[in-house]
Amino acid sequence: MVGGSLTLVNALIGTPHEIDFTDAIVFLEDIEEAPYRIDRMLTQLMQGKTFNKAAGIALGVFKGCDSVPDPKSFTLKEVILDRIKPLNIPAVYGMTFGHIENNFTLPIGINAKLDTQKMTLQLLEKAVR
């Protein structure tokens, strides 16, 4: 599992700390970003070296990211569908992690199983020893 705030994950692109998404379950969330900015960040990730090689994508709650509907702009849902669906990578949206109350913490670096039908994420090993 790898991921975190979409803004911060995106900021790592081109640095020595850029994330290798190959065969990983990627979890992403963000807060207070306009849909057009989410679109830009997802597009940049997709144009990177390894995002298209992810095993799965779990999208959390993007709190405050679906601005007031503007007929000139895409909604957050439209952006996510437009960017993620063509990748043909198993993906879910709306899992309860992110900048929200009653969220769950996701450990980085452990093995997990994403079930897009049941919308579950199962941790397959201990996060701490």
# chains A, B, ... in the order shown; residues from 1 in each chain; ligands from 1

call {"tool": "residues_around", "arguments": {"residues": "Val2 of chain A", "least_positions_apart": "2", "cutoff": "8 Å", "atoms": "only C-alpha atoms", "output": "list of chain:residue names"}}
result
A:Gly4, A:Ile19, A:Phe21, A:Ala24, A:Ile25, A:Val26, A:Phe27, A:Ile108, A:Gly109

call {"tool": "write_last_selection", "arguments": {"atoms": "all heavy atoms", "output": "mmCIF file, in the first residue's frame"}}
result
data_model
loop_
_atom_site.group_PDB
_atom_site.id
_atom_site.type_symbol
_atom_site.label_atom_id
_atom_site.label_comp_id
_atom_site.auth_asym_id
_atom_site.auth_seq_id
_atom_site.Cartn_x
_atom_site.Cartn_y
_atom_site.Cartn_z
ATOM 1 N N GLY A 4 -1.590 8.604 0.112
ATOM 2 C CA GLY A 4 -1.800 9.684 1.061
ATOM 3 C C GLY A 4 -2.575 10.803 0.407
ATOM 4 O O GLY A 4 -3.390 10.588 -0.484
ATOM 5 N N ILE A 19 6.979 8.190 -5.555
ATOM 6 C CA ILE A 19 6.447 6.873 -5.193
ATOM 7 C C ILE A 19 6.422 5.952 -6.404
ATOM 8 O O ILE A 19 5.998 6.347 -7.491
ATOM 9 C CB ILE A 19 5.027 7.016 -4.610
ATOM 10 C CG1 ILE A 19 5.070 7.817 -3.312
ATOM 11 C CG2 ILE A 19 4.403 5.643 -4.365
ATOM 12 C CD1 ILE A 19 3.705 8.181 -2.748
ATOM 13 N N PHE A 21 4.443 3.113 -7.869
ATOM 14 C CA PHE A 21 3.103 2.562 -7.708
ATOM 15 C C PHE A 21 2.970 1.134 -8.263
ATOM 16 O O PHE A 21 1.920 0.521 -8.151
ATOM 17 C CB PHE A 21 2.085 3.459 -8.418
ATOM 18 C CG PHE A 21 2.051 4.861 -7.897
ATOM 19 C CD1 PHE A 21 2.620 5.902 -8.619
ATOM 20 C CD2 PHE A 21 1.448 5.160 -6.686
ATOM 21 C CE1 PHE A 21 2.582 7.207 -8.150
ATOM 22 C CE2 PHE A 21 1.407 6.455 -6.206
ATOM 23 C CZ PHE A 21 1.970 7.484 -6.940
ATOM 24 N N ALA A 24 1.093 -1.920 -6.579
ATOM 25 C CA ALA A 24 0.653 -1.461 -5.260
ATOM 26 C C ALA A 24 -0.823 -1.087 -5.282
ATOM 27 O O ALA A 24 -1.381 -0.747 -6.330
ATOM 28 C CB ALA A 24 1.472 -0.248 -4.823
ATOM 29 N N ILE A 25 -1.428 -1.144 -4.118
ATOM 30 C CA ILE A 25 -2.744 -0.545 -3.943
ATOM 31 C C ILE A 25 -2.474 0.897 -3.538
ATOM 32 O O ILE A 25 -1.809 1.163 -2.538
ATOM 33 C CB ILE A 25 -3.573 -1.279 -2.884
ATOM 34 C CG1 ILE A 25 -3.887 -2.693 -3.378
ATOM 35 C CG2 ILE A 25 -4.862 -0.511 -2.582
ATOM 36 C CD1 ILE A 25 -4.576 -3.567 -2.362
ATOM 37 N N VAL A 26 -2.972 1.811 -4.342
ATOM 38 C CA VAL A 26 -2.737 3.233 -4.125
ATOM 39 C C VAL A 26 -3.956 3.816 -3.419
ATOM 40 O O VAL A 26 -5.081 3.634 -3.869
ATOM 41 C CB VAL A 26 -2.535 3.965 -5.471
ATOM 42 C CG1 VAL A 26 -2.294 5.449 -5.251
ATOM 43 C CG2 VAL A 26 -1.403 3.334 -6.262
ATOM 44 N N PHE A 27 -3.727 4.487 -2.298
ATOM 45 C CA PHE A 27 -4.835 5.165 -1.634
ATOM 46 C C PHE A 27 -4.592 6.668 -1.688
ATOM 47 O O PHE A 27 -3.485 7.154 -1.438
ATOM 48 C CB PHE A 27 -5.054 4.664 -0.201
ATOM 49 C CG PHE A 27 -3.888 4.813 0.733
ATOM 50 C CD1 PHE A 27 -3.767 5.941 1.540
ATOM 51 C CD2 PHE A 27 -2.921 3.825 0.834
ATOM 52 C CE1 PHE A 27 -2.704 6.085 2.413
ATOM 53 C CE2 PHE A 27 -1.854 3.950 1.716
ATOM 54 C CZ PHE A 27 -1.748 5.093 2.500
ATOM 55 N N ILE A 108 1.370 2.500 5.342
ATOM 56 C CA ILE A 108 2.112 2.480 4.078
ATOM 57 C C ILE A 108 3.084 1.307 4.102
ATOM 58 O O ILE A 108 3.734 1.042 5.107
ATOM 59 C CB ILE A 108 2.870 3.810 3.884
ATOM 60 C CG1 ILE A 108 1.853 4.940 3.700
ATOM 61 C CG2 ILE A 108 3.841 3.749 2.708
ATOM 62 C CD1 ILE A 108 2.455 6.322 3.652
ATOM 63 N N GLY A 109 3.166 0.605 2.983
ATOM 64 C CA GLY A 109 4.189 -0.407 2.823
ATOM 65 C C GLY A 109 3.790 -1.839 3.148
ATOM 66 O O GLY A 109 4.604 -2.737 2.991
#

call {"tool": "closest_atom_pairs", "arguments": {"of": "segment 24-111 of chain A", "to": "segment 123-126 of chain A", "cutoff": "10 Å", "atoms": "only C-alpha atoms", "output": "Markdown table"}}
result
| residue | atom | partner | partner_atom | distance |
| --- | --- | --- | --- | --- |
| A:Leu106 | CA | A:Leu123 | CA | 8.9 |
| A:Pro107 | CA | A:Leu123 | CA | 8.8 |
| A:Ile110 | CA | A:Glu125 | CA | 6.5 |
| A:Asn111 | CA | A:Leu124 | CA | 5.4 |

call {"tool": "write_last_selection", "arguments": {"atoms": "C-alpha atoms", "output": "PDB file, in the first residue's frame"}}
result
ATOM      1  CA  LEU A 106      -3.922   3.229   6.371  1.00  0.00           C
ATOM      2  CA  PRO A 107      -0.380   1.917   6.864  1.00  0.00           C
ATOM      3  CA  ILE A 110       2.167  -3.452   3.883  1.00  0.00           C
ATOM      4  CA  ASN A 111       0.331  -5.959   1.695  1.00  0.00           C
TER       5      ASN A 111
END

call {"tool": "atom_distance", "arguments": {"atom1": "atom CA of Asp23 of chain A", "atom2": "atom CA of Phe62 of chain A"}}
result
23.9 Å

call {"tool": "closest_residue", "arguments": {"among": "A:Asp115, A:Thr75, A:Phe104, A:Gly56", "to": "Leu87 of chain A", "atoms": "only C-alpha atoms"}}
result
A:Gly56

call {"tool": "residues_around", "arguments": {"residues": "Asp82 of chain A", "least_positions_apart": "2", "cutoff": "12 Å", "atoms": "only C-alpha atoms", "output": "PDB file with N, CA and C atoms, in the first residue's frame"}}
result
ATOM      1  N   PRO A  35     -12.267  20.691  -8.232  1.00  0.00           N
ATOM      2  CA  PRO A  35     -12.207  19.559  -9.160  1.00  0.00           C
ATOM      3  C   PRO A  35     -11.174  19.727 -10.279  1.00  0.00           C
ATOM      4  N   TYR A  36     -11.012  20.942 -10.801  1.00  0.00           N
ATOM      5  CA  TYR A  36     -10.041  21.121 -11.884  1.00  0.00           C
ATOM      6  C   TYR A  36      -8.617  20.863 -11.396  1.00  0.00           C
ATOM      7  N   ILE A  38      -7.884  18.669  -8.894  1.00  0.00           N
ATOM      8  CA  ILE A  38      -7.836  17.206  -8.752  1.00  0.00           C
ATOM      9  C   ILE A  38      -7.554  16.602 -10.121  1.00  0.00           C
ATOM     10  N   ASP A  39      -8.219  17.119 -11.146  1.00  0.00           N
ATOM     11  CA  ASP A  39      -8.010  16.658 -12.516  1.00  0.00           C
ATOM     12  C   ASP A  39      -6.546  16.823 -12.925  1.00  0.00           C
ATOM     13  N   ARG A  40      -5.981  17.977 -12.649  1.00  0.00           N
ATOM     14  CA  ARG A  40      -4.581  18.237 -13.015  1.00  0.00           C
ATOM     15  C   ARG A  40      -3.638  17.279 -12.300  1.00  0.00           C
ATOM     16  N   LEU A  42      -4.315  14.281 -10.917  1.00  0.00           N
ATOM     17  CA  LEU A  42      -4.481  12.902 -11.395  1.00  0.00           C
ATOM     18  C   LEU A  42      -3.854  12.733 -12.776  1.00  0.00           C
ATOM     19  N   THR A  43      -4.026  13.730 -13.634  1.00  0.00           N
ATOM     20  CA  THR A  43      -3.432  13.679 -14.972  1.00  0.00           C
ATOM     21  C   THR A  43      -1.913  13.611 -14.877  1.00  0.00           C
ATOM     22  N   MET A  46      -0.901  10.155 -13.816  1.00  0.00           N
ATOM     23  CA  MET A  46      -1.082   9.209 -14.923  1.00  0.00           C
ATOM     24  C   MET A  46       0.034   9.325 -15.962  1.00  0.00           C
ATOM     25  N   PHE A  74     -16.271  20.693 -14.478  1.00  0.00           N
ATOM     26  CA  PHE A  74     -16.624  19.324 -14.155  1.00  0.00           C
ATOM     27  C   PHE A  74     -16.840  19.189 -12.652  1.00  0.00           C
ATOM     28  N   THR A  75     -17.672  18.225 -12.261  1.00  0.00           N
ATOM     29  CA  THR A  75     -17.815  17.903 -10.847  1.00  0.00           C
ATOM     30  C   THR A  75     -16.670  16.975 -10.461  1.00  0.00           C
ATOM     31  N   LEU A  76     -16.488  16.792  -9.161  1.00  0.00           N
ATOM     32  CA  LEU A  76     -15.452  15.875  -8.684  1.00  0.00           C
ATOM     33  C   LEU A  76     -15.703  14.469  -9.212  1.00  0.00           C
ATOM     34  N   LYS A  77     -16.949  14.027  -9.180  1.00  0.00           N
ATOM     35  CA  LYS A  77     -17.291  12.688  -9.668  1.00  0.00           C
ATOM     36  C   LYS A  77     -16.933  12.538 -11.151  1.00  0.00           C
ATOM     37  N   GLU A  78     -17.233  13.545 -11.950  1.00  0.00           N
ATOM     38  CA  GLU A  78     -16.909  13.495 -13.378  1.00  0.00           C
ATOM     39  C   GLU A  78     -15.401  13.418 -13.590  1.00  0.00           C
ATOM     40  N   VAL A  79     -14.650  14.175 -12.812  1.00  0.00           N
ATOM     41  CA  VAL A  79     -13.184  14.158 -12.921  1.00  0.00           C
ATOM     42  C   VAL A  79     -12.653  12.774 -12.581  1.00  0.00           C
ATOM     43  N   ILE A  80     -13.108  12.212 -11.474  1.00  0.00           N
ATOM     44  CA  ILE A  80     -12.624  10.894 -11.054  1.00  0.00           C
ATOM     45  C   ILE A  80     -12.963   9.836 -12.092  1.00  0.00           C
ATOM     46  N   ILE A  84      -9.825   8.019 -13.849  1.00  0.00           N
ATOM     47  CA  ILE A  84      -9.524   6.694 -13.307  1.00  0.00           C
ATOM     48  C   ILE A  84     -10.085   5.553 -14.157  1.00  0.00           C
ATOM     49  N   LYS A  85     -11.306   5.684 -14.628  1.00  0.00           N
ATOM     50  CA  LYS A  85     -11.951   4.582 -15.356  1.00  0.00           C
ATOM     51  C   LYS A  85     -11.143   4.084 -16.563  1.00  0.00           C
ATOM     52  N   PRO A  86     -10.588   4.953 -17.398  1.00  0.00           N
ATOM     53  CA  PRO A  86      -9.838   4.481 -18.571  1.00  0.00           C
ATOM     54  C   PRO A  86      -8.570   3.683 -18.233  1.00  0.00           C
ATOM     55  N   LEU A  87      -8.111   3.763 -16.994  1.00  0.00           N
ATOM     56  CA  LEU A  87      -6.896   3.038 -16.609  1.00  0.00           C
ATOM     57  C   LEU A  87      -7.123   1.524 -16.547  1.00  0.00           C
ATOM     58  N   ASN A  88      -8.396   1.116 -16.422  1.00  0.00           N
ATOM     59  CA  ASN A  88      -8.731  -0.310 -16.278  1.00  0.00           C
ATOM     60  C   ASN A  88      -7.996  -0.954 -15.101  1.00  0.00           C
TER      61      ASN A  88
END

call {"tool": "atom_distance", "arguments": {"atom1": "atom CA of Leu28 of chain A", "atom2": "atom CA of Gly60 of chain A"}}
result
6.1 Å

call {"tool": "select_by_dssp", "arguments": {"residues": "segment 9-112 of chain A", "states": "helix (DSSP H, G or I)", "output": "VMD selection string"}}
result
chain A and resid 9 to 11 35 to 46 51 to 53 76 to 87

call {"tool": "atom_distance", "arguments": {"atom1": "atom CA of Ala91 of chain A", "atom2": "atom CA of Leu8 of chain A"}}
result
20.2 Å

call {"tool": "decode", "arguments": {"residues": "segment 58-97 of chain A", "atoms": "N, CA and C atoms", "output": "compact mmCIF listing (two decimals), in the first residue's frame"}}
result
# COMPACT_ATOMS: atom_id res chain seq x y z
N ALA A 58 -7.69 3.01 -4.28
CA ALA A 58 -8.72 3.27 -3.27
C ALA A 58 -8.76 4.77 -3.02
N LEU A 59 -9.88 5.37 -3.35
CA LEU A 59 -10.04 6.80 -3.16
C LEU A 59 -10.89 7.04 -1.93
N GLY A 60 -10.39 7.88 -1.04
CA GLY A 60 -11.10 8.19 0.19
C GLY A 60 -12.08 9.34 -0.01
N VAL A 61 -12.35 10.02 1.07
CA VAL A 61 -13.25 11.16 1.03
C VAL A 61 -12.45 12.41 0.66
N PHE A 62 -12.88 13.09 -0.36
CA PHE A 62 -12.24 14.33 -0.81
C PHE A 62 -13.07 15.48 -0.25
N LYS A 63 -12.90 15.72 1.05
CA LYS A 63 -13.72 16.69 1.77
C LYS A 63 -13.53 18.11 1.23
N GLY A 64 -14.64 18.73 0.88
CA GLY A 64 -14.61 20.10 0.39
C GLY A 64 -14.08 20.25 -1.02
N CYS A 65 -13.98 19.15 -1.75
CA CYS A 65 -13.41 19.20 -3.11
C CYS A 65 -14.46 19.28 -4.21
N ASP A 66 -15.71 19.11 -3.86
CA ASP A 66 -16.76 19.21 -4.89
C ASP A 66 -17.42 20.57 -4.74
N SER A 67 -16.84 21.55 -5.41
CA SER A 67 -17.30 22.93 -5.28
C SER A 67 -18.73 23.07 -5.79
N VAL A 68 -19.29 24.22 -5.56
CA VAL A 68 -20.65 24.51 -6.02
C VAL A 68 -20.72 24.24 -7.51
N PRO A 69 -21.75 23.50 -7.94
CA PRO A 69 -21.84 23.17 -9.37
C PRO A 69 -21.74 24.41 -10.26
N ASP A 70 -20.84 24.34 -11.19
CA ASP A 70 -20.61 25.41 -12.15
C ASP A 70 -20.78 24.79 -13.53
N PRO A 71 -21.71 25.30 -14.32
CA PRO A 71 -21.94 24.70 -15.64
C PRO A 71 -20.70 24.69 -16.54
N LYS A 72 -19.69 25.48 -16.19
CA LYS A 72 -18.47 25.54 -16.99
C LYS A 72 -17.40 24.58 -16.49
N SER A 73 -17.68 23.90 -15.38
CA SER A 73 -16.66 23.06 -14.77
C SER A 73 -17.19 21.65 -14.53
N PHE A 74 -16.27 20.69 -14.48
CA PHE A 74 -16.62 19.32 -14.16
C PHE A 74 -16.84 19.19 -12.65
N THR A 75 -17.67 18.23 -12.26
CA THR A 75 -17.82 17.90 -10.85
C THR A 75 -16.67 16.98 -10.46
N LEU A 76 -16.49 16.79 -9.16
CA LEU A 76 -15.45 15.88 -8.68
C LEU A 76 -15.70 14.47 -9.21
N LYS A 77 -16.95 14.03 -9.18
CA LYS A 77 -17.29 12.69 -9.67
C LYS A 77 -16.93 12.54 -11.15
N GLU A 78 -17.23 13.55 -11.95
CA GLU A 78 -16.91 13.49 -13.38
C GLU A 78 -15.40 13.42 -13.59
N VAL A 79 -14.65 14.18 -12.81
CA VAL A 79 -13.18 14.16 -12.92
C VAL A 79 -12.65 12.77 -12.58
N ILE A 80 -13.11 12.21 -11.47
CA ILE A 80 -12.62 10.89 -11.05
C ILE A 80 -12.96 9.84 -12.09
N LEU A 81 -14.19 9.83 -12.57
CA LEU A 81 -14.56 8.85 -13.60
C LEU A 81 -13.74 9.03 -14.87
N ASP A 82 -13.55 10.27 -15.30
CA ASP A 82 -12.81 10.57 -16.53
C ASP A 82 -11.34 10.17 -16.43
N ARG A 83 -10.73 10.35 -15.28
CA ARG A 83 -9.32 10.05 -15.11
C ARG A 83 -9.07 8.59 -14.76
N ILE A 84 -9.83 8.02 -13.85
CA ILE A 84 -9.52 6.69 -13.31
C ILE A 84 -10.09 5.55 -14.16
N LYS A 85 -11.31 5.68 -14.63
CA LYS A 85 -11.95 4.58 -15.36
C LYS A 85 -11.14 4.08 -16.56
N PRO A 86 -10.59 4.95 -17.40
CA PRO A 86 -9.84 4.48 -18.57
C PRO A 86 -8.57 3.68 -18.23
N LEU A 87 -8.11 3.76 -16.99
CA LEU A 87 -6.90 3.04 -16.61
C LEU A 87 -7.12 1.52 -16.55
N ASN A 88 -8.40 1.12 -16.42
CA ASN A 88 -8.73 -0.31 -16.28
C ASN A 88 -8.00 -0.95 -15.10
N ILE A 89 -7.88 -0.20 -14.03
CA ILE A 89 -7.31 -0.68 -12.77
C ILE A 89 -8.48 -0.75 -11.79
N PRO A 90 -8.61 -1.83 -11.04
CA PRO A 90 -9.69 -1.90 -10.05
C PRO A 90 -9.64 -0.68 -9.13
N ALA A 91 -10.78 -0.02 -8.96
CA ALA A 91 -10.81 1.21 -8.17
C ALA A 91 -12.13 1.36 -7.43
N VAL A 92 -12.07 2.00 -6.28
CA VAL A 92 -13.26 2.35 -5.51
C VAL A 92 -13.13 3.80 -5.06
N TYR A 93 -14.27 4.43 -4.85
CA TYR A 93 -14.30 5.82 -4.41
C TYR A 93 -15.21 5.95 -3.19
N GLY A 94 -14.80 6.76 -2.23
CA GLY A 94 -15.64 7.06 -1.09
C GLY A 94 -15.34 6.24 0.15
N MET A 95 -14.18 5.61 0.22
CA MET A 95 -13.82 4.87 1.43
C MET A 95 -13.58 5.88 2.56
N THR A 96 -13.79 5.44 3.79
CA THR A 96 -13.77 6.38 4.91
C THR A 96 -12.36 6.62 5.47
N PHE A 97 -11.53 7.21 4.64
CA PHE A 97 -10.25 7.72 5.10
C PHE A 97 -10.05 9.09 4.47
